[in-house]
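Heads up: the structure comes next, in structure tokens.
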Amino acid sequence: MATTPRGFRDILPDEAEMREHIVATVKARLVHHGYRPIETPLIESASVGGANAWSSDAPFNLFDDNGTLLAVRPDNTTSVVHAIAARMSERDLPLRLRYEAPVVRQQPRGTAQARQFTQLGYELVGEGGDAADAEMTLIAAEALDDLGLNSWQLVCGSVVPYQALLELGVDEALANEALALVHANNYIDLDELAVTSDLPVALQCAMRELPRITGGPEALDRVDALLRAAGSTTSTTTELRSLVQRLTSCNAELASHLSFDFSLMSSFGYYTGLVLKAYAGDLADPVGSGGRYDAVLDAALEQGAAAAGFAFSLERLTEVLEAQAEQAPCGDIRVGESTGTVRPGSAATTNPSASATVGEQAPLRIAVPKGSLKDDTIAALEAVGIDASGLRDPGRHLIIRTRDTREGEGAIGPVELVIVRATDAPAFVALGGTDCGICGRDSLIEADLDLLQLVDLAYGTCRFIEAEPAGRAEATKRSYARRGCLRVATKYPRIASAWYEERGVNAEVVALHGNIELGPIVGLADRIVDITATGTTLRENDLVITGELMTCTARFFANPGRARLDPRVRELARRLAAWRDESACDDAH
């Protein structure tokens, strides 16, 4: 029997009915605020999206009979902007438009993520400033409240503070590299980039710390203080402060669900101010996102126009409400009702003898690596107050239930240590199986998933090297000249491919899973790319190092959503960073 393509699925009646309820609820809220419907084509000219919007996210491109390159849209906002520019007049502004429409996006293989999903979105075009931002945010809050979700949070960020920071004497190349690292949530390499630059110390500090600022309205004071210390003379948080005031005056209870995270600067690259994400239930991924995108209208309309938009994911809202229904005492729940909840799969739901009950704090789940990183990881966790004794001899247990030994403010409480291969840790964290984890830098690069890299733990140090059999240098050169490529055996195809590409070497990477040294010995490959700590294995197999790729250490990382919603993740990161710094000082003395 034929199956649906990867990332696509049929929606059966029970789920379809719940989706109808969600659509009707959100639509009613948008109609109340005067938003009118708009429908745009599923297939557009590939040029509509532009370089920043569609080029990397459109998984399906096709040619029509005239040879025109077309794309199945990965986003509705750009299509709406195109419709406004092509069919409507600037005299019609401001426009309040809403839509319910599917999009398709590329997703990595092996992550079980959908490639088609439905957006419930709205766009406010032709009205700018804090009033428009407040309207967009208020509607999102009201819709989430209307749906009867047990728990939800709106997390705000802005591109303005970091852009202002990079204008304080940071050269263009360094600024672009810093932005790339912030967008990739890689704070560890951002730290290294800043401290190795020749920028003033205050500016280095601001580059490192600004994306780490989270919290309530008090976070805005910290942003302003950081920029003042770096040399800025103007506030970059004025509109965000006004947003808080407007929301509070409209509905103080809904405003209490608002928080700030200045790592939110968008992956699309077209937001110009406010960036907003909505989280609900225990889902690590946002159920909605949006922001201000004035620059898109500047390019589309002759006179330009302010614009802001937001879109809910119908699939993710459905997932949250279905989970909420399953945890209801009667096993059923309708949109608009709520009930207490604990995390699916937590001790309360998988272990009847566990102490967790409905309404109790769910354990913080940490993916901890087996193998060479195990002993140092146990030492690190115990040094920061986590009882990790159960990891020393776990037997057949895959999850060790324990807790933070520290009490009072900042206490982490119950903890679940999930024992995984280091190479699997990124997937467990990125896909929401655990909140945070520890693994080597190499595993993070190879996984290439959306993760927040928080702390370099400075243990498990090893080197990535290129090597070949001793005395084979000339033979390798002749093979390269004959074939036009270098054949390389490795367990790390992404790292190896990127390194050779940077050097302009045409390399054919052969992916192996063990005994990499055998590759050139038996003639399978010319060279290897592998890790080494002491070089003993290389010497025993008569291999010599021909290149150095990078140094690798263990890193603490987190699911971005969990880090934004659960302060325990940041608290654990803070403790681990302090422990690392203290250990470095002890070693120095």
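Following the order of the structure tokens, chains are lettered A, B, ..., residues in each are numbered from 1, and ligands are numbered from 1.
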Backbone DSSP call of helix (DSSP H, G or I) for region 450-524 of chain A, listed as a ChimeraX atom specification: /A:473-483,493-503,518-521
Neighbour list for region 72-78 of chain A as JSON, numbers by chain, cut-off 6 Å, only C-alpha atoms, skip fewer than 6 positions in-chain: {"A": [42, 43, 58, 60, 103, 104, 105]}
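Going from CA of Pro217 (chain A) to CA of Phe260 (chain A) covers 7.3 Å.
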Residues of region 37-111 of chain A in strand (DSSP E), written as a ChimeraX atom specification: /A:37,43-45,61-63,69-72,95-104
Go ahead and write the residues just picked, N, CA, C and O atoms, as an mmCIF file, in the first residue's frame.
data_model
loop_
_atom_site.group_PDB
_atom_site.id
_atom_site.type_symbol
_atom_site.label_atom_id
_atom_site.label_comp_id
_atom_site.auth_asym_id
_atom_site.auth_seq_id
_atom_site.Cartn_x
_atom_site.Cartn_y
_atom_site.Cartn_z
ATOM 1 N N PRO A 37 -10.375 38.381 5.647
ATOM 2 C CA PRO A 37 -9.677 37.225 5.063
ATOM 3 C C PRO A 37 -8.964 37.568 3.761
ATOM 4 O O PRO A 37 -9.397 38.439 3.001
ATOM 5 N N ILE A 43 1.344 28.093 -4.944
ATOM 6 C CA ILE A 43 2.558 28.113 -5.761
ATOM 7 C C ILE A 43 2.797 29.527 -6.259
ATOM 8 O O ILE A 43 1.893 30.185 -6.775
ATOM 9 N N GLU A 44 4.015 30.009 -6.073
ATOM 10 C CA GLU A 44 4.397 31.360 -6.483
ATOM 11 C C GLU A 44 5.652 31.287 -7.338
ATOM 12 O O GLU A 44 6.357 30.266 -7.361
ATOM 13 N N SER A 45 5.944 32.382 -8.003
ATOM 14 C CA SER A 45 7.235 32.500 -8.666
ATOM 15 C C SER A 45 8.318 32.431 -7.602
ATOM 16 O O SER A 45 8.195 33.040 -6.537
ATOM 17 N N ASN A 61 10.589 22.971 -5.655
ATOM 18 C CA ASN A 61 10.664 23.914 -6.767
ATOM 19 C C ASN A 61 10.322 23.166 -8.052
ATOM 20 O O ASN A 61 10.630 21.977 -8.190
ATOM 21 N N LEU A 62 9.695 23.844 -8.977
ATOM 22 C CA LEU A 62 9.292 23.216 -10.223
ATOM 23 C C LEU A 62 9.272 24.252 -11.334
ATOM 24 O O LEU A 62 9.282 25.469 -11.078
ATOM 25 N N PHE A 63 9.263 23.755 -12.556
ATOM 26 C CA PHE A 63 9.171 24.628 -13.718
ATOM 27 C C PHE A 63 7.804 24.441 -14.368
ATOM 28 O O PHE A 63 7.300 23.312 -14.477
ATOM 29 N N LEU A 69 10.651 29.257 -13.124
ATOM 30 C CA LEU A 69 10.911 28.549 -11.871
ATOM 31 C C LEU A 69 9.860 28.955 -10.838
ATOM 32 O O LEU A 69 9.684 30.141 -10.527
ATOM 33 N N LEU A 70 9.164 27.956 -10.297
ATOM 34 C CA LEU A 70 8.111 28.181 -9.308
ATOM 35 C C LEU A 70 8.489 27.508 -7.994
ATOM 36 O O LEU A 70 9.336 26.620 -7.951
ATOM 37 N N ALA A 71 7.849 27.933 -6.918
ATOM 38 C CA ALA A 71 8.100 27.347 -5.601
ATOM 39 C C ALA A 71 6.792 27.171 -4.859
ATOM 40 O O ALA A 71 5.883 28.003 -4.971
ATOM 41 N N VAL A 72 6.691 26.059 -4.124
ATOM 42 C CA VAL A 72 5.575 25.891 -3.199
ATOM 43 C C VAL A 72 5.931 26.679 -1.947
ATOM 44 O O VAL A 72 6.984 26.459 -1.352
ATOM 45 N N LEU A 95 -4.070 48.009 6.501
ATOM 46 C CA LEU A 95 -4.780 46.781 6.188
ATOM 47 C C LEU A 95 -4.647 45.803 7.350
ATOM 48 O O LEU A 95 -3.556 45.631 7.907
ATOM 49 N N ARG A 96 -5.757 45.177 7.688
ATOM 50 C CA ARG A 96 -5.764 44.105 8.688
ATOM 51 C C ARG A 96 -6.263 42.844 7.995
ATOM 52 O O ARG A 96 -7.439 42.756 7.652
ATOM 53 N N LEU A 97 -5.341 41.902 7.784
ATOM 54 C CA LEU A 97 -5.637 40.719 6.985
ATOM 55 C C LEU A 97 -5.366 39.452 7.796
ATOM 56 O O LEU A 97 -4.443 39.411 8.606
ATOM 57 N N ARG A 98 -6.172 38.419 7.553
ATOM 58 C CA ARG A 98 -5.991 37.132 8.235
ATOM 59 C C ARG A 98 -6.062 36.010 7.203
ATOM 60 O O ARG A 98 -6.619 36.170 6.118
ATOM 61 N N TYR A 99 -5.478 34.866 7.556
ATOM 62 C CA TYR A 99 -5.488 33.736 6.633
ATOM 63 C C TYR A 99 -5.382 32.428 7.409
ATOM 64 O O TYR A 99 -4.914 32.368 8.549
ATOM 65 N N GLU A 100 -5.850 31.381 6.777
ATOM 66 C CA GLU A 100 -5.683 30.000 7.240
ATOM 67 C C GLU A 100 -5.195 29.231 6.026
ATOM 68 O O GLU A 100 -5.960 29.001 5.087
ATOM 69 N N ALA A 101 -3.925 28.886 5.991
ATOM 70 C CA ALA A 101 -3.354 28.337 4.763
ATOM 71 C C ALA A 101 -2.167 27.429 5.065
ATOM 72 O O ALA A 101 -1.407 27.677 6.001
ATOM 73 N N PRO A 102 -1.974 26.385 4.229
ATOM 74 C CA PRO A 102 -0.833 25.478 4.428
ATOM 75 C C PRO A 102 0.450 26.041 3.836
ATOM 76 O O PRO A 102 0.428 26.832 2.891
ATOM 77 N N VAL A 103 1.576 25.631 4.391
ATOM 78 C CA VAL A 103 2.896 25.943 3.851
ATOM 79 C C VAL A 103 3.731 24.665 3.917
ATOM 80 O O VAL A 103 3.392 23.713 4.628
ATOM 81 N N VAL A 104 4.812 24.629 3.153
ATOM 82 C CA VAL A 104 5.741 23.499 3.213
ATOM 83 C C VAL A 104 7.139 24.034 3.464
ATOM 84 O O VAL A 104 7.518 25.073 2.923
#
Report as a tab-separated table (two decimals) with N, CA and C atoms, in the first residue's frame all protein, DNA and RNA residues lying within 6 Å of Gly157 (chain A), evaluated on only C-alpha atoms, omitting residues in the same chain fewer than 2 positions from it.
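Once everything was written out, this is selection.tsv:
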chain	number	residue	atom	x	y	z
A	260	PHE	N	10.77	38.39	28.27
A	260	PHE	CA	11.72	38.87	27.26
A	260	PHE	C	12.90	37.91	27.14
A	261	ASP	N	13.39	37.77	25.92
A	261	ASP	CA	14.57	36.96	25.64
A	261	ASP	C	15.26	37.60	24.44
A	262	PHE	N	16.46	38.15	24.68
A	262	PHE	CA	17.12	38.92	23.62
A	262	PHE	C	18.00	38.07	22.72
A	264	LEU	N	16.20	36.26	20.74
A	264	LEU	CA	15.23	36.22	19.65
A	264	LEU	C	15.53	37.34	18.66
A	274	LEU	N	10.44	44.27	16.84
A	274	LEU	CA	9.92	43.24	17.74
A	274	LEU	C	9.95	41.86	17.07
A	275	VAL	N	10.37	40.85	17.84
A	275	VAL	CA	10.25	39.45	17.45
A	275	VAL	C	9.50	38.76	18.58
Computed interatomic separation between CA of Asn506 (chain A) and CA of Cys485 (chain A) (Å): 4.9 Å
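The coordinates place CA of Ala563 (chain A) at 11.7 Å from CA of Tyr279 (chain A).
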Contacts of region 125-134 of chain A within 7 Å, only C-alpha atoms, excl. fewer than 4 positions in-chain, as a PyMOL selection string: chain A and resi 93-96+138+239+242-243+246-247+305-308
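When only C-alpha atoms are used to compute distances to Ile11 (chain A), the closest of the residues A:Ala323, A:Thr118, A:Ala225, A:Leu543 turns out to be A:Thr118.
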Residue contacts of Ala447 (chain A) (10 Å, only C-alpha atoms) excluding same-chain residues fewer than 6 positions away, as a list in words: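 So, after excluding close chain neighbours, the residues are Pro108, Thr423, Asp424, Ala425, Pro426, Ala427, Ala430 and Arg494 of chain A.
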Requested write-out: all heavy atoms of the selected residues, as an mmCIF file, in the first residue's frame:
data_model
loop_
_atom_site.group_PDB
_atom_site.id
_atom_site.type_symbol
_atom_site.label_atom_id
_atom_site.label_comp_id
_atom_site.auth_asym_id
_atom_site.auth_seq_id
_atom_site.Cartn_x
_atom_site.Cartn_y
_atom_site.Cartn_z
ATOM 1 N N PRO A 108 15.229 18.496 8.352
ATOM 2 C CA PRO A 108 16.296 17.486 8.279
ATOM 3 C C PRO A 108 15.719 16.074 8.313
ATOM 4 O O PRO A 108 14.739 15.804 9.018
ATOM 5 C CB PRO A 108 17.130 17.763 9.532
ATOM 6 C CG PRO A 108 16.756 19.140 9.967
ATOM 7 C CD PRO A 108 15.343 19.351 9.546
ATOM 8 N N THR A 423 26.609 11.053 20.787
ATOM 9 C CA THR A 423 26.174 11.457 19.445
ATOM 10 C C THR A 423 24.661 11.602 19.342
ATOM 11 O O THR A 423 24.170 12.270 18.437
ATOM 12 C CB THR A 423 26.653 10.435 18.402
ATOM 13 O OG1 THR A 423 26.252 9.118 18.824
ATOM 14 C CG2 THR A 423 28.164 10.471 18.253
ATOM 15 N N ASP A 424 23.923 10.985 20.270
ATOM 16 C CA ASP A 424 22.460 11.070 20.251
ATOM 17 C C ASP A 424 21.921 12.214 21.105
ATOM 18 O O ASP A 424 20.754 12.589 20.989
ATOM 19 C CB ASP A 424 21.835 9.759 20.750
ATOM 20 C CG ASP A 424 22.083 8.599 19.805
ATOM 21 O OD1 ASP A 424 22.298 8.862 18.601
ATOM 22 O OD2 ASP A 424 22.068 7.447 20.264
ATOM 23 N N ALA A 425 22.760 12.752 21.982
ATOM 24 C CA ALA A 425 22.299 13.794 22.911
ATOM 25 C C ALA A 425 21.659 14.991 22.192
ATOM 26 O O ALA A 425 20.611 15.483 22.629
ATOM 27 C CB ALA A 425 23.448 14.247 23.802
ATOM 28 N N PRO A 426 22.247 15.494 21.088
ATOM 29 C CA PRO A 426 21.602 16.628 20.417
ATOM 30 C C PRO A 426 20.175 16.346 19.961
ATOM 31 O O PRO A 426 19.296 17.205 20.089
ATOM 32 C CB PRO A 426 22.526 16.900 19.223
ATOM 33 C CG PRO A 426 23.862 16.401 19.660
ATOM 34 C CD PRO A 426 23.564 15.186 20.478
ATOM 35 N N ALA A 427 19.914 15.143 19.454
ATOM 36 C CA ALA A 427 18.563 14.811 19.003
ATOM 37 C C ALA A 427 17.594 14.745 20.178
ATOM 38 O O ALA A 427 16.456 15.224 20.087
ATOM 39 C CB ALA A 427 18.572 13.487 18.237
ATOM 40 N N ALA A 430 17.009 18.507 21.091
ATOM 41 C CA ALA A 430 16.358 19.313 20.054
ATOM 42 C C ALA A 430 14.905 18.925 19.850
ATOM 43 O O ALA A 430 14.048 19.784 19.590
ATOM 44 C CB ALA A 430 17.118 19.184 18.735
ATOM 45 N N ARG A 494 30.185 15.684 8.220
ATOM 46 C CA ARG A 494 29.868 17.113 8.125
ATOM 47 C C ARG A 494 31.102 17.962 8.446
ATOM 48 O O ARG A 494 31.409 18.934 7.748
ATOM 49 C CB ARG A 494 28.712 17.474 9.065
ATOM 50 C CG ARG A 494 28.135 18.865 8.824
ATOM 51 C CD ARG A 494 27.020 19.175 9.812
ATOM 52 N NE ARG A 494 25.924 18.243 9.685
ATOM 53 C CZ ARG A 494 24.937 18.359 8.803
ATOM 54 N NH1 ARG A 494 24.928 19.386 7.969
ATOM 55 N NH2 ARG A 494 23.962 17.471 8.755
#
Would you list the contacts of Glu407 (chain A) as an mmCIF file with all heavy atoms, in the first residue's frame, taking every protein, DNA or RNA residue within 12 Å and counting only C-alpha atoms, but skipping same-chain residues closer than 5 positions in sequence?
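Printed below is part.cif as written:
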data_model
loop_
_atom_site.group_PDB
_atom_site.id
_atom_site.type_symbol
_atom_site.label_atom_id
_atom_site.label_comp_id
_atom_site.auth_asym_id
_atom_site.auth_seq_id
_atom_site.Cartn_x
_atom_site.Cartn_y
_atom_site.Cartn_z
ATOM 1 N N GLY A 385 25.906 20.620 42.471
ATOM 2 C CA GLY A 385 24.792 20.312 43.364
ATOM 3 C C GLY A 385 23.829 19.244 42.908
ATOM 4 O O GLY A 385 22.869 18.933 43.620
ATOM 5 N N ILE A 386 24.041 18.643 41.737
ATOM 6 C CA ILE A 386 23.141 17.599 41.262
ATOM 7 C C ILE A 386 23.665 16.245 41.737
ATOM 8 O O ILE A 386 24.816 15.886 41.478
ATOM 9 C CB ILE A 386 23.040 17.598 39.719
ATOM 10 C CG1 ILE A 386 22.615 18.982 39.198
ATOM 11 C CG2 ILE A 386 22.065 16.514 39.250
ATOM 12 C CD1 ILE A 386 21.276 19.447 39.699
ATOM 13 N N ILE A 412 16.918 23.740 41.846
ATOM 14 C CA ILE A 412 16.442 23.109 40.613
ATOM 15 C C ILE A 412 15.383 22.052 40.904
ATOM 16 O O ILE A 412 14.517 21.782 40.071
ATOM 17 C CB ILE A 412 17.641 22.504 39.844
ATOM 18 C CG1 ILE A 412 18.505 23.649 39.304
ATOM 19 C CG2 ILE A 412 17.192 21.590 38.719
ATOM 20 C CD1 ILE A 412 19.812 23.197 38.679
ATOM 21 N N GLY A 413 15.427 21.439 42.082
ATOM 22 C CA GLY A 413 14.400 20.471 42.445
ATOM 23 C C GLY A 413 14.643 19.108 41.816
ATOM 24 O O GLY A 413 15.776 18.671 41.654
ATOM 25 N N PRO A 414 13.551 18.412 41.430
ATOM 26 C CA PRO A 414 13.709 17.062 40.880
ATOM 27 C C PRO A 414 14.411 17.079 39.531
ATOM 28 O O PRO A 414 14.227 17.994 38.729
ATOM 29 C CB PRO A 414 12.269 16.556 40.755
ATOM 30 C CG PRO A 414 11.435 17.796 40.680
ATOM 31 C CD PRO A 414 12.132 18.816 41.515
#
Shell around region 219-222 of chain A at 12 Å using only C-alpha atoms, local window under 2 positions removed, as a VMD selection string: chain A and resid 156 to 158 161 206 209 to 217 224 to 229 235 to 244 258 to 262
Nearest-residue call for Gln116 (chain A), choices A:Ala2, A:Glu446, A:Leu549, A:Arg9, using only C-alpha atoms: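 Nearest candidate to Gln116 (chain A) out of A:Ala2, A:Glu446, A:Leu549, A:Arg9: A:Arg9.
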From A:Ser263, A:Val320, A:Val81, A:Ala180, residue lying nearest Leu147 (chain A) [only C-alpha atoms]: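 For Leu147 (chain A), the nearest of the given residues is A:Val320.
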